[in-house]
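Below is one structure, written out as structure tokens, with a few remarks after it.
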Amino acid sequence: MKRIEYKRLNPPERTLIGTDLSNASPRARQGLIACLQGATDPSFLDVLNLAQDLLRDLWRTENQDTFIFPGTEEAGMEAVLVNLLEPDDIALVGVAGYGGQRLADAAERTGARVIRLEVSPGHVIPDAMVEAALKVHKPRLVGLVHGEASTGVHQSLANIARLAHQNGALCVADVCSTTALVEVKVDEWGLDACWSGSQKGLSAYPGLALVTFGTRAADTVRQRKTPVRSYYFELDGLRSFAKDERRHQTFPAPLLYALTEVLQLAYEQSMTYRVSRHINRRDALVAALETLGLEVLAPPENRLASSVVVLVPNGIDADKLRQGLLTPYRLDVGSGLGALKGKALRFGIQSHSAQPGFLIQAVAVLEYLLAEQGYTVPKPGAAVDKLLGLLDP
């Protein structure tokens, strides 16, 4: 057998200012140095219980069925859908971008019949569209994306949840791009389930799914006519961590310790501070990009605080811009998704990555790269000046 040649791993450091993940907080790194423990260790379970309590506080919910378990944010989505949907159920899914399309595709895998409520990029799903579809289709479930990171729009949830309940449906939401970034009020808004991951607004490490189920959702699972089609994600299995006979015996403890550290940090800071910080960063970045003469996709009234999607001017190669930011400047910015592929860049404004220095560097390099491709910058240097003048310390 041919000898495998290798050398020490030395992946280049990146400044993560796309929408998929953020740089890890120093508090998260502290969690990784703790000792490895098993999933049945009483000390480990104490930390897990603390993390779940902190998550309940962050999401403003009293739901006992609030879980943290190994898996990406998509695992959280899958857990909600496989528990709440049965074959031939009808699900309404709002599709305002890539996140909504992903949610609709996953719902179809349960055997449910999915009705897609689609709008063009940059728009939210209107309440009236949902209300009309509820009356026509009588669905089991309505699914929405709270923060559509592919288009930079912020979807309001409370009224749609109310409409869903009035028509006998559950309301579930993807809160991956809003958790710890903008307010998520599960109980007040009437959300029956929602999910997120550990790597975006919390600035921990990828690999943990965060999920909550309300009482309506738990009742729906109990009344199922068919078994849940997943051993791993079944609600009773997620609950089994609190039982002597635990279904899931393996858990990456250091990832939980890292997450717990940043959940504590969010609790210490308060959402009032975190929301104002991310709005400041977003508004400053938007102003800088507009000073460059670029168009930001989402309108101000529906603009997400954690994601700014900017359209690339005609004649400019979006992929070349993104690669130029990455090499040699190590600035990892998201590319356009779906209908915006090759037409946009996605800037993430997420917790530890929402630092003024990161944004200043990104705008300065972007201006240079645009000019390099022949774009006429309206007033060289003005975008960085605008950013400096608007960013809070």
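Going by the structure tokens order, chains are called A, B, ..., each with residues numbered from 1, while ligands are numbered from 1 in the order shown.
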
From a DSSP calculation on the backbone, collect every residue of segment 99-239 of chain A in alpha helix (DSSP H) and output the set as a PyMOL selection string. chain A and resi 99-108+127-137+158-166+186-189+215-222+235-239

Using only C-alpha atoms, determine which residues lie at most 9 Å from segment 10-26 of chain A, disregarding the query and same-chain residues fewer than 4 positions distant; provide the list as a VMD selection string. chain A and resid 30 to 31 149 to 150 177 198 to 206 258 262 306 to 308 326 329 to 335 345 to 354 358 to 359 362

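Here atom CA of Tyr267 of chain A is placed at a distance of 14.2 Å from atom CA of Thr61 of chain A.
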
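Minimum atom-to-atom distance to Ala209 of chain A, evaluated using only C-alpha atoms, belongs to A:Met77 out of A:Ala158, A:Met77, A:Ala339, A:Leu58.
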
Extract, using only C-alpha atoms, all DNA, RNA and protein residues at most 12 Å from Pro252 of chain A, discarding same-chain residues fewer than 2 positions from it, and format them as a PyMOL selection string. chain A and resi 31-32+34-39+44+48+68-71+205-209+248-250+254-259

Store the residues of this selection in a file with N, CA, C and O atoms, as a CSV table (one decimal), in the first residue's frame.
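Dumped to again20.csv:
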```
chain,number,residue,atom,x,y,z
A,31,GLY,N,-14.5,26.8,27.4
A,31,GLY,CA,-15.3,25.6,27.6
A,31,GLY,C,-14.6,24.3,27.0
A,31,GLY,O,-14.8,23.2,27.6
A,32,LEU,N,-13.9,24.5,26.0
A,32,LEU,CA,-13.3,23.3,25.3
A,32,LEU,C,-12.2,22.7,26.1
A,32,LEU,O,-11.8,21.5,25.9
A,34,ALA,N,-12.2,22.0,29.3
A,34,ALA,CA,-12.7,21.2,30.4
A,34,ALA,C,-12.5,19.7,30.1
A,34,ALA,O,-12.4,19.3,29.0
A,35,CYS,N,-12.6,18.9,31.1
A,35,CYS,CA,-12.4,17.4,31.0
A,35,CYS,C,-13.5,16.8,30.3
A,35,CYS,O,-14.7,17.2,30.4
A,36,LEU,N,-13.2,15.7,29.5
A,36,LEU,CA,-14.2,15.0,28.8
A,36,LEU,C,-15.0,14.1,29.8
A,36,LEU,O,-14.4,13.5,30.7
A,37,GLN,N,-16.3,14.2,29.7
A,37,GLN,CA,-17.2,13.4,30.6
A,37,GLN,C,-18.2,12.6,29.8
A,37,GLN,O,-18.6,13.0,28.7
A,38,GLY,N,-18.7,11.5,30.3
A,38,GLY,CA,-19.8,10.8,29.6
A,38,GLY,C,-21.1,11.3,29.8
A,38,GLY,O,-21.4,12.1,30.7
A,39,ALA,N,-22.1,10.9,28.9
A,39,ALA,CA,-23.4,11.5,28.9
A,39,ALA,C,-24.3,11.1,30.1
A,39,ALA,O,-25.3,11.6,30.4
A,44,PHE,N,-21.9,16.0,34.3
A,44,PHE,CA,-22.2,16.4,33.0
A,44,PHE,C,-23.7,16.8,32.9
A,44,PHE,O,-24.1,17.8,32.3
A,48,LEU,N,-25.7,20.1,31.6
A,48,LEU,CA,-26.7,20.1,30.5
A,48,LEU,C,-28.0,20.7,31.0
A,48,LEU,O,-28.7,21.5,30.3
A,68,ILE,N,-31.0,20.3,24.1
A,68,ILE,CA,-29.7,20.5,23.4
A,68,ILE,C,-29.1,19.1,23.1
A,68,ILE,O,-29.0,18.3,24.1
A,69,PHE,N,-28.8,18.8,21.9
A,69,PHE,CA,-28.3,17.5,21.6
A,69,PHE,C,-27.4,17.5,20.4
A,69,PHE,O,-27.4,18.5,19.6
A,70,PRO,N,-26.5,16.5,20.2
A,70,PRO,CA,-25.5,16.5,19.2
A,70,PRO,C,-26.2,16.5,17.8
A,70,PRO,O,-27.1,15.8,17.5
A,71,GLY,N,-25.7,17.4,16.9
A,71,GLY,CA,-26.2,17.6,15.6
A,71,GLY,C,-26.2,19.0,15.2
A,71,GLY,O,-26.1,19.9,16.0
A,205,TYR,N,-19.3,26.6,19.0
A,205,TYR,CA,-18.8,25.7,17.9
A,205,TYR,C,-19.9,25.0,17.3
A,205,TYR,O,-20.9,24.6,17.9
A,206,PRO,N,-19.8,24.7,16.0
A,206,PRO,CA,-20.9,23.9,15.3
A,206,PRO,C,-21.0,22.5,15.9
A,206,PRO,O,-20.0,22.0,16.4
A,207,GLY,N,-22.1,21.9,15.9
A,207,GLY,CA,-22.3,20.5,16.3
A,207,GLY,C,-23.4,20.3,17.3
A,207,GLY,O,-23.6,19.1,17.7
A,208,LEU,N,-24.1,21.3,17.8
A,208,LEU,CA,-25.2,21.1,18.7
A,208,LEU,C,-26.4,21.7,18.2
A,208,LEU,O,-26.4,22.8,17.7
A,209,ALA,N,-27.5,21.0,18.3
A,209,ALA,CA,-28.8,21.5,17.9
A,209,ALA,C,-29.6,21.9,19.2
A,209,ALA,O,-29.5,21.3,20.2
A,248,HIS,N,-29.8,7.9,24.4
A,248,HIS,CA,-28.6,8.4,23.8
A,248,HIS,C,-27.5,8.5,24.8
A,248,HIS,O,-27.6,9.2,25.8
A,249,GLN,N,-26.4,7.8,24.5
A,249,GLN,CA,-25.4,7.7,25.5
A,249,GLN,C,-24.1,8.4,25.1
A,249,GLN,O,-23.2,8.5,25.9
A,250,THR,N,-24.1,9.0,24.0
A,250,THR,CA,-22.9,9.7,23.5
A,250,THR,C,-23.2,11.2,23.3
A,250,THR,O,-24.1,11.5,22.6
A,254,PRO,N,-17.3,18.6,25.6
A,254,PRO,CA,-16.6,19.9,25.4
A,254,PRO,C,-17.5,20.9,24.6
A,254,PRO,O,-17.4,22.1,24.9
A,255,LEU,N,-18.2,20.4,23.6
A,255,LEU,CA,-19.1,21.4,22.8
A,255,LEU,C,-20.2,21.9,23.7
A,255,LEU,O,-20.5,23.1,23.6
A,256,LEU,N,-20.7,21.1,24.6
A,256,LEU,CA,-21.7,21.6,25.6
A,256,LEU,C,-21.1,22.6,26.5
A,256,LEU,O,-21.7,23.6,26.8
A,257,TYR,N,-19.9,22.3,27.0
A,257,TYR,CA,-19.3,23.3,27.9
A,257,TYR,C,-19.1,24.6,27.3
A,257,TYR,O,-19.3,25.7,27.9
A,258,ALA,N,-18.6,24.6,26.0
A,258,ALA,CA,-18.4,25.8,25.2
A,258,ALA,C,-19.7,26.6,25.1
A,258,ALA,O,-19.8,27.8,25.2
A,259,LEU,N,-20.8,25.8,24.7
A,259,LEU,CA,-22.1,26.5,24.5
A,259,LEU,C,-22.6,27.1,25.8
A,259,LEU,O,-23.2,28.2,25.9
```

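Using only C-alpha atoms, the protein and nucleic acid residues lying no more than 7 Å from segment 271-275 of chain A, apart from those fewer than 4 places from it along its own chain, are Leu181, Val182, Glu183 and Ile279 of chain A.
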
What does the structure give for the distance between atom CA of Lys320 of chain A and atom CA of Cys176 of chain A, in Å to one decimal? 28.1 Å

Those in segment 267-369 of chain A with strand (DSSP E) from DSSP, as a list in words: Glu295, Val296, Ser307, Val308, Val309, Val310, Leu311, Leu331, Asp332, Gly334, Ser335, Ala344, Leu345, Arg346, Phe347 and Gly348 of chain A

Go ahead and save the residues from that selection, with N, CA, C and O atoms, as a PDB file, in the first residue's frame.
```pdb
ATOM      1  N   GLU A 295     -26.508  48.234  -3.686  1.00  0.00           N
ATOM      2  CA  GLU A 295     -27.899  48.080  -3.259  1.00  0.00           C
ATOM      3  C   GLU A 295     -28.023  46.951  -2.244  1.00  0.00           C
ATOM      4  O   GLU A 295     -27.636  45.813  -2.519  1.00  0.00           O
ATOM      5  N   VAL A 296     -28.556  47.269  -1.071  1.00  0.00           N
ATOM      6  CA  VAL A 296     -28.841  46.259  -0.049  1.00  0.00           C
ATOM      7  C   VAL A 296     -30.236  45.716  -0.315  1.00  0.00           C
ATOM      8  O   VAL A 296     -31.176  46.481  -0.579  1.00  0.00           O
ATOM      9  N   SER A 307     -27.902  39.787   9.268  1.00  0.00           N
ATOM     10  CA  SER A 307     -27.492  39.427   7.913  1.00  0.00           C
ATOM     11  C   SER A 307     -27.762  40.585   6.968  1.00  0.00           C
ATOM     12  O   SER A 307     -28.881  41.091   6.908  1.00  0.00           O
ATOM     13  N   VAL A 308     -26.728  41.009   6.251  1.00  0.00           N
ATOM     14  CA  VAL A 308     -26.869  42.055   5.246  1.00  0.00           C
ATOM     15  C   VAL A 308     -26.522  41.442   3.898  1.00  0.00           C
ATOM     16  O   VAL A 308     -25.395  40.979   3.688  1.00  0.00           O
ATOM     17  N   VAL A 309     -27.499  41.432   3.001  1.00  0.00           N
ATOM     18  CA  VAL A 309     -27.297  40.870   1.661  1.00  0.00           C
ATOM     19  C   VAL A 309     -27.210  42.027   0.675  1.00  0.00           C
ATOM     20  O   VAL A 309     -28.137  42.832   0.552  1.00  0.00           O
ATOM     21  N   VAL A 310     -26.082  42.113  -0.012  1.00  0.00           N
ATOM     22  CA  VAL A 310     -25.837  43.232  -0.930  1.00  0.00           C
ATOM     23  C   VAL A 310     -25.708  42.698  -2.352  1.00  0.00           C
ATOM     24  O   VAL A 310     -25.049  41.676  -2.596  1.00  0.00           O
ATOM     25  N   LEU A 311     -26.371  43.356  -3.281  1.00  0.00           N
ATOM     26  CA  LEU A 311     -26.332  42.948  -4.683  1.00  0.00           C
ATOM     27  C   LEU A 311     -25.033  43.422  -5.332  1.00  0.00           C
ATOM     28  O   LEU A 311     -24.577  44.545  -5.088  1.00  0.00           O
ATOM     29  N   LEU A 331     -10.939  36.986   4.863  1.00  0.00           N
ATOM     30  CA  LEU A 331     -12.284  37.447   5.210  1.00  0.00           C
ATOM     31  C   LEU A 331     -13.288  36.518   4.545  1.00  0.00           C
ATOM     32  O   LEU A 331     -13.429  36.501   3.317  1.00  0.00           O
ATOM     33  N   ASP A 332     -13.988  35.715   5.343  1.00  0.00           N
ATOM     34  CA  ASP A 332     -14.917  34.718   4.817  1.00  0.00           C
ATOM     35  C   ASP A 332     -16.321  35.311   4.772  1.00  0.00           C
ATOM     36  O   ASP A 332     -17.003  35.427   5.793  1.00  0.00           O
ATOM     37  N   GLY A 334     -20.230  35.289   2.822  1.00  0.00           N
ATOM     38  CA  GLY A 334     -21.099  34.335   2.160  1.00  0.00           C
ATOM     39  C   GLY A 334     -21.404  34.710   0.715  1.00  0.00           C
ATOM     40  O   GLY A 334     -21.442  35.890   0.348  1.00  0.00           O
ATOM     41  N   SER A 335     -21.632  33.695  -0.105  1.00  0.00           N
ATOM     42  CA  SER A 335     -22.030  33.911  -1.494  1.00  0.00           C
ATOM     43  C   SER A 335     -23.555  33.928  -1.594  1.00  0.00           C
ATOM     44  O   SER A 335     -24.261  33.523  -0.667  1.00  0.00           O
ATOM     45  N   ALA A 344     -24.936  38.221  -5.455  1.00  0.00           N
ATOM     46  CA  ALA A 344     -24.949  38.896  -4.161  1.00  0.00           C
ATOM     47  C   ALA A 344     -23.827  38.382  -3.267  1.00  0.00           C
ATOM     48  O   ALA A 344     -23.243  37.319  -3.510  1.00  0.00           O
ATOM     49  N   LEU A 345     -23.533  39.159  -2.236  1.00  0.00           N
ATOM     50  CA  LEU A 345     -22.675  38.741  -1.132  1.00  0.00           C
ATOM     51  C   LEU A 345     -23.503  38.825   0.153  1.00  0.00           C
ATOM     52  O   LEU A 345     -24.341  39.718   0.302  1.00  0.00           O
ATOM     53  N   ARG A 346     -23.235  37.907   1.091  1.00  0.00           N
ATOM     54  CA  ARG A 346     -23.972  37.880   2.358  1.00  0.00           C
ATOM     55  C   ARG A 346     -23.003  38.149   3.511  1.00  0.00           C
ATOM     56  O   ARG A 346     -22.097  37.365   3.762  1.00  0.00           O
ATOM     57  N   PHE A 347     -23.220  39.256   4.192  1.00  0.00           N
ATOM     58  CA  PHE A 347     -22.419  39.604   5.361  1.00  0.00           C
ATOM     59  C   PHE A 347     -23.168  39.193   6.629  1.00  0.00           C
ATOM     60  O   PHE A 347     -24.316  39.596   6.832  1.00  0.00           O
ATOM     61  N   GLY A 348     -22.509  38.418   7.475  1.00  0.00           N
ATOM     62  CA  GLY A 348     -23.095  38.058   8.757  1.00  0.00           C
ATOM     63  C   GLY A 348     -22.654  39.027   9.843  1.00  0.00           C
ATOM     64  O   GLY A 348     -21.486  39.427   9.895  1.00  0.00           O
TER      65      GLY A 348
END
```

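One finds atom CA of Pro313 of chain A at 10.4 Å from atom CA of Thr376 of chain A.
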
Quick one: residues within 9 Å of Gly237 of chain A, only C-alpha atoms counted, chain neighbours fewer than 5 positions away excluded, as a PyMOL selection string? chain A and resi 231-232+246-248

Would you save the residues from that selection as an mmCIF file, in the first residue's frame, using all heavy atoms?
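Saved result, part_7.cif, follows:
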```cif
data_model
loop_
_atom_site.group_PDB
_atom_site.id
_atom_site.type_symbol
_atom_site.label_atom_id
_atom_site.label_comp_id
_atom_site.auth_asym_id
_atom_site.auth_seq_id
_atom_site.Cartn_x
_atom_site.Cartn_y
_atom_site.Cartn_z
ATOM 1 N N TYR A 231 -35.492 7.104 15.160
ATOM 2 C CA TYR A 231 -35.101 6.670 16.508
ATOM 3 C C TYR A 231 -34.367 7.788 17.237
ATOM 4 O O TYR A 231 -34.594 8.041 18.413
ATOM 5 C CB TYR A 231 -34.204 5.435 16.379
ATOM 6 C CG TYR A 231 -33.681 4.908 17.694
ATOM 7 C CD1 TYR A 231 -34.472 4.102 18.499
ATOM 8 C CD2 TYR A 231 -32.385 5.204 18.111
ATOM 9 C CE1 TYR A 231 -33.987 3.611 19.716
ATOM 10 C CE2 TYR A 231 -31.892 4.722 19.312
ATOM 11 C CZ TYR A 231 -32.699 3.923 20.104
ATOM 12 O OH TYR A 231 -32.217 3.452 21.297
ATOM 13 N N TYR A 232 -33.509 8.460 16.516
ATOM 14 C CA TYR A 232 -32.637 9.474 17.136
ATOM 15 C C TYR A 232 -33.413 10.708 17.573
ATOM 16 O O TYR A 232 -33.165 11.278 18.631
ATOM 17 C CB TYR A 232 -31.547 9.868 16.139
ATOM 18 C CG TYR A 232 -30.471 10.771 16.703
ATOM 19 C CD1 TYR A 232 -29.543 10.294 17.626
ATOM 20 C CD2 TYR A 232 -30.369 12.093 16.294
ATOM 21 C CE1 TYR A 232 -28.547 11.113 18.131
ATOM 22 C CE2 TYR A 232 -29.369 12.924 16.795
ATOM 23 C CZ TYR A 232 -28.465 12.424 17.712
ATOM 24 O OH TYR A 232 -27.480 13.236 18.211
ATOM 25 N N ARG A 246 -31.308 5.865 29.487
ATOM 26 C CA ARG A 246 -31.142 6.905 28.486
ATOM 27 C C ARG A 246 -30.929 6.283 27.111
ATOM 28 O O ARG A 246 -30.092 5.404 26.943
ATOM 29 C CB ARG A 246 -29.961 7.813 28.842
ATOM 30 C CG ARG A 246 -30.178 8.552 30.157
ATOM 31 C CD ARG A 246 -28.979 9.438 30.494
ATOM 32 N NE ARG A 246 -29.202 10.100 31.767
ATOM 33 C CZ ARG A 246 -28.867 9.595 32.951
ATOM 34 N NH1 ARG A 246 -28.270 8.418 33.003
ATOM 35 N NH2 ARG A 246 -29.111 10.261 34.053
ATOM 36 N N ARG A 247 -31.678 6.758 26.137
ATOM 37 C CA ARG A 247 -31.547 6.216 24.788
ATOM 38 C C ARG A 247 -30.232 6.652 24.155
ATOM 39 O O ARG A 247 -29.584 5.894 23.440
ATOM 40 C CB ARG A 247 -32.724 6.679 23.927
ATOM 41 C CG ARG A 247 -32.695 6.103 22.517
ATOM 42 C CD ARG A 247 -33.890 6.569 21.699
ATOM 43 N NE ARG A 247 -35.155 6.164 22.285
ATOM 44 C CZ ARG A 247 -36.340 6.420 21.730
ATOM 45 N NH1 ARG A 247 -36.389 7.098 20.590
ATOM 46 N NH2 ARG A 247 -37.449 6.032 22.308
ATOM 47 N N HIS A 248 -29.827 7.896 24.412
ATOM 48 C CA HIS A 248 -28.629 8.441 23.772
ATOM 49 C C HIS A 248 -27.504 8.515 24.801
ATOM 50 O O HIS A 248 -27.594 9.217 25.794
ATOM 51 C CB HIS A 248 -28.921 9.828 23.205
ATOM 52 C CG HIS A 248 -30.125 9.853 22.308
ATOM 53 N ND1 HIS A 248 -30.203 9.087 21.168
ATOM 54 C CD2 HIS A 248 -31.291 10.530 22.384
ATOM 55 C CE1 HIS A 248 -31.366 9.310 20.576
ATOM 56 N NE2 HIS A 248 -32.047 10.177 21.300
#
```

Just want the 12 Å neighbourhood of Glu372 of chain A, counted on only C-alpha atoms, with same-chain residues fewer than 2 positions away dropped. Output as a PyMOL selection string. chain A and resi 316-317+320-321+324+365-370+374-377

Keeping all heavy atoms for every residue in the selection just given, could you write it to a file as a compact mmCIF listing (two decimals), in the first residue's frame?
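Produced file out.txt, reproduced below:
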```
# COMPACT_ATOMS: atom_id res chain seq x y z
N ILE A 316 -19.63 42.93 -12.54
CA ILE A 316 -18.69 42.55 -11.49
C ILE A 316 -18.88 41.07 -11.16
O ILE A 316 -20.00 40.59 -11.01
CB ILE A 316 -18.89 43.41 -10.22
CG1 ILE A 316 -18.70 44.89 -10.54
CG2 ILE A 316 -17.95 42.97 -9.12
CD1 ILE A 316 -17.33 45.27 -11.03
N ASP A 317 -17.78 40.35 -11.07
CA ASP A 317 -17.81 38.91 -10.79
C ASP A 317 -17.90 38.69 -9.27
O ASP A 317 -16.94 38.95 -8.53
CB ASP A 317 -16.53 38.28 -11.34
CG ASP A 317 -16.53 36.76 -11.25
OD1 ASP A 317 -17.12 36.22 -10.28
OD2 ASP A 317 -15.94 36.11 -12.12
N LYS A 320 -15.40 36.16 -7.82
CA LYS A 320 -14.05 36.72 -7.75
C LYS A 320 -13.91 37.67 -6.57
O LYS A 320 -12.87 37.71 -5.89
CB LYS A 320 -13.72 37.43 -9.05
CG LYS A 320 -12.27 37.91 -9.17
CD LYS A 320 -12.01 38.51 -10.54
CE LYS A 320 -10.57 39.01 -10.64
NZ LYS A 320 -10.30 39.62 -11.97
N LEU A 321 -14.97 38.45 -6.28
CA LEU A 321 -14.96 39.31 -5.10
C LEU A 321 -14.80 38.49 -3.83
O LEU A 321 -13.99 38.80 -2.97
CB LEU A 321 -16.27 40.10 -5.02
CG LEU A 321 -16.44 41.38 -5.83
CD1 LEU A 321 -17.80 41.99 -5.52
CD2 LEU A 321 -15.32 42.37 -5.55
N GLY A 324 -11.41 37.04 -3.54
CA GLY A 324 -10.44 38.08 -3.22
C GLY A 324 -10.47 38.47 -1.75
O GLY A 324 -9.44 38.79 -1.15
N VAL A 365 -11.47 46.43 2.11
CA VAL A 365 -10.99 45.48 1.10
C VAL A 365 -12.01 45.35 -0.03
O VAL A 365 -11.63 45.26 -1.21
CB VAL A 365 -10.72 44.10 1.75
CG1 VAL A 365 -10.36 43.08 0.68
CG2 VAL A 365 -9.59 44.22 2.76
N LEU A 366 -13.30 45.35 0.29
CA LEU A 366 -14.32 45.26 -0.75
C LEU A 366 -14.21 46.44 -1.72
O LEU A 366 -14.30 46.26 -2.94
CB LEU A 366 -15.71 45.23 -0.11
CG LEU A 366 -16.89 45.18 -1.09
CD1 LEU A 366 -16.85 43.91 -1.93
CD2 LEU A 366 -18.22 45.26 -0.33
N GLU A 367 -14.00 47.64 -1.20
CA GLU A 367 -13.85 48.81 -2.07
C GLU A 367 -12.67 48.63 -3.01
O GLU A 367 -12.77 48.90 -4.22
CB GLU A 367 -13.66 50.08 -1.23
CG GLU A 367 -13.45 51.32 -2.08
CD GLU A 367 -13.35 52.59 -1.27
OE1 GLU A 367 -14.06 52.72 -0.25
OE2 GLU A 367 -12.54 53.47 -1.64
N TYR A 368 -11.57 48.14 -2.49
CA TYR A 368 -10.37 47.91 -3.31
C TYR A 368 -10.65 46.88 -4.41
O TYR A 368 -10.28 47.08 -5.58
CB TYR A 368 -9.23 47.44 -2.42
CG TYR A 368 -8.04 46.91 -3.16
CD1 TYR A 368 -7.12 47.77 -3.76
CD2 TYR A 368 -7.85 45.54 -3.28
CE1 TYR A 368 -6.03 47.27 -4.46
CE2 TYR A 368 -6.77 45.03 -3.97
CZ TYR A 368 -5.86 45.89 -4.56
OH TYR A 368 -4.79 45.39 -5.25
N LEU A 369 -11.33 45.79 -4.05
CA LEU A 369 -11.59 44.73 -5.02
C LEU A 369 -12.59 45.16 -6.08
O LEU A 369 -12.48 44.75 -7.25
CB LEU A 369 -12.10 43.48 -4.29
CG LEU A 369 -11.10 42.80 -3.35
CD1 LEU A 369 -11.78 41.70 -2.55
CD2 LEU A 369 -9.91 42.24 -4.13
N LEU A 370 -13.58 45.96 -5.70
CA LEU A 370 -14.53 46.48 -6.69
C LEU A 370 -13.80 47.35 -7.72
O LEU A 370 -14.01 47.23 -8.93
CB LEU A 370 -15.62 47.29 -5.99
CG LEU A 370 -16.69 46.50 -5.24
CD1 LEU A 370 -17.50 47.41 -4.33
CD2 LEU A 370 -17.62 45.78 -6.23
N GLY A 374 -12.88 47.23 -12.10
CA GLY A 374 -13.33 48.29 -12.99
C GLY A 374 -14.55 49.05 -12.52
O GLY A 374 -15.08 49.91 -13.25
N TYR A 375 -15.02 48.77 -11.30
CA TYR A 375 -16.18 49.49 -10.76
C TYR A 375 -15.74 50.90 -10.35
O TYR A 375 -14.68 51.09 -9.74
CB TYR A 375 -16.73 48.73 -9.57
CG TYR A 375 -17.87 49.42 -8.85
CD1 TYR A 375 -19.14 49.45 -9.39
CD2 TYR A 375 -17.67 50.04 -7.61
CE1 TYR A 375 -20.19 50.07 -8.74
CE2 TYR A 375 -18.71 50.66 -6.94
CZ TYR A 375 -19.97 50.68 -7.51
OH TYR A 375 -21.00 51.30 -6.85
N THR A 376 -16.56 51.89 -10.67
CA THR A 376 -16.26 53.27 -10.30
C THR A 376 -16.81 53.56 -8.91
O THR A 376 -18.03 53.65 -8.72
CB THR A 376 -16.87 54.26 -11.31
OG1 THR A 376 -16.35 53.97 -12.62
CG2 THR A 376 -16.54 55.70 -10.92
N VAL A 377 -15.93 53.64 -7.93
CA VAL A 377 -16.33 53.95 -6.56
C VAL A 377 -16.73 55.42 -6.50
O VAL A 377 -15.94 56.29 -6.91
CB VAL A 377 -15.18 53.65 -5.58
CG1 VAL A 377 -15.57 54.06 -4.17
CG2 VAL A 377 -14.81 52.18 -5.64
```

Pick from A:Leu81, A:Leu157, A:Ala104, A:Ile115 nearest to Val184 of chain A, counting only C-alpha atoms: A:Leu157

Counting only C-alpha atoms, figure out which residue out of A:Leu340, A:Ala132, A:Ala288, A:Ile90 gets nearest to Pro380 of chain A. A:Ala288

Residue among A:Glu78, A:Glu73, A:Glu261, A:Asp385 lying closest to Leu289 of chain A, counting only C-alpha atoms: A:Asp385
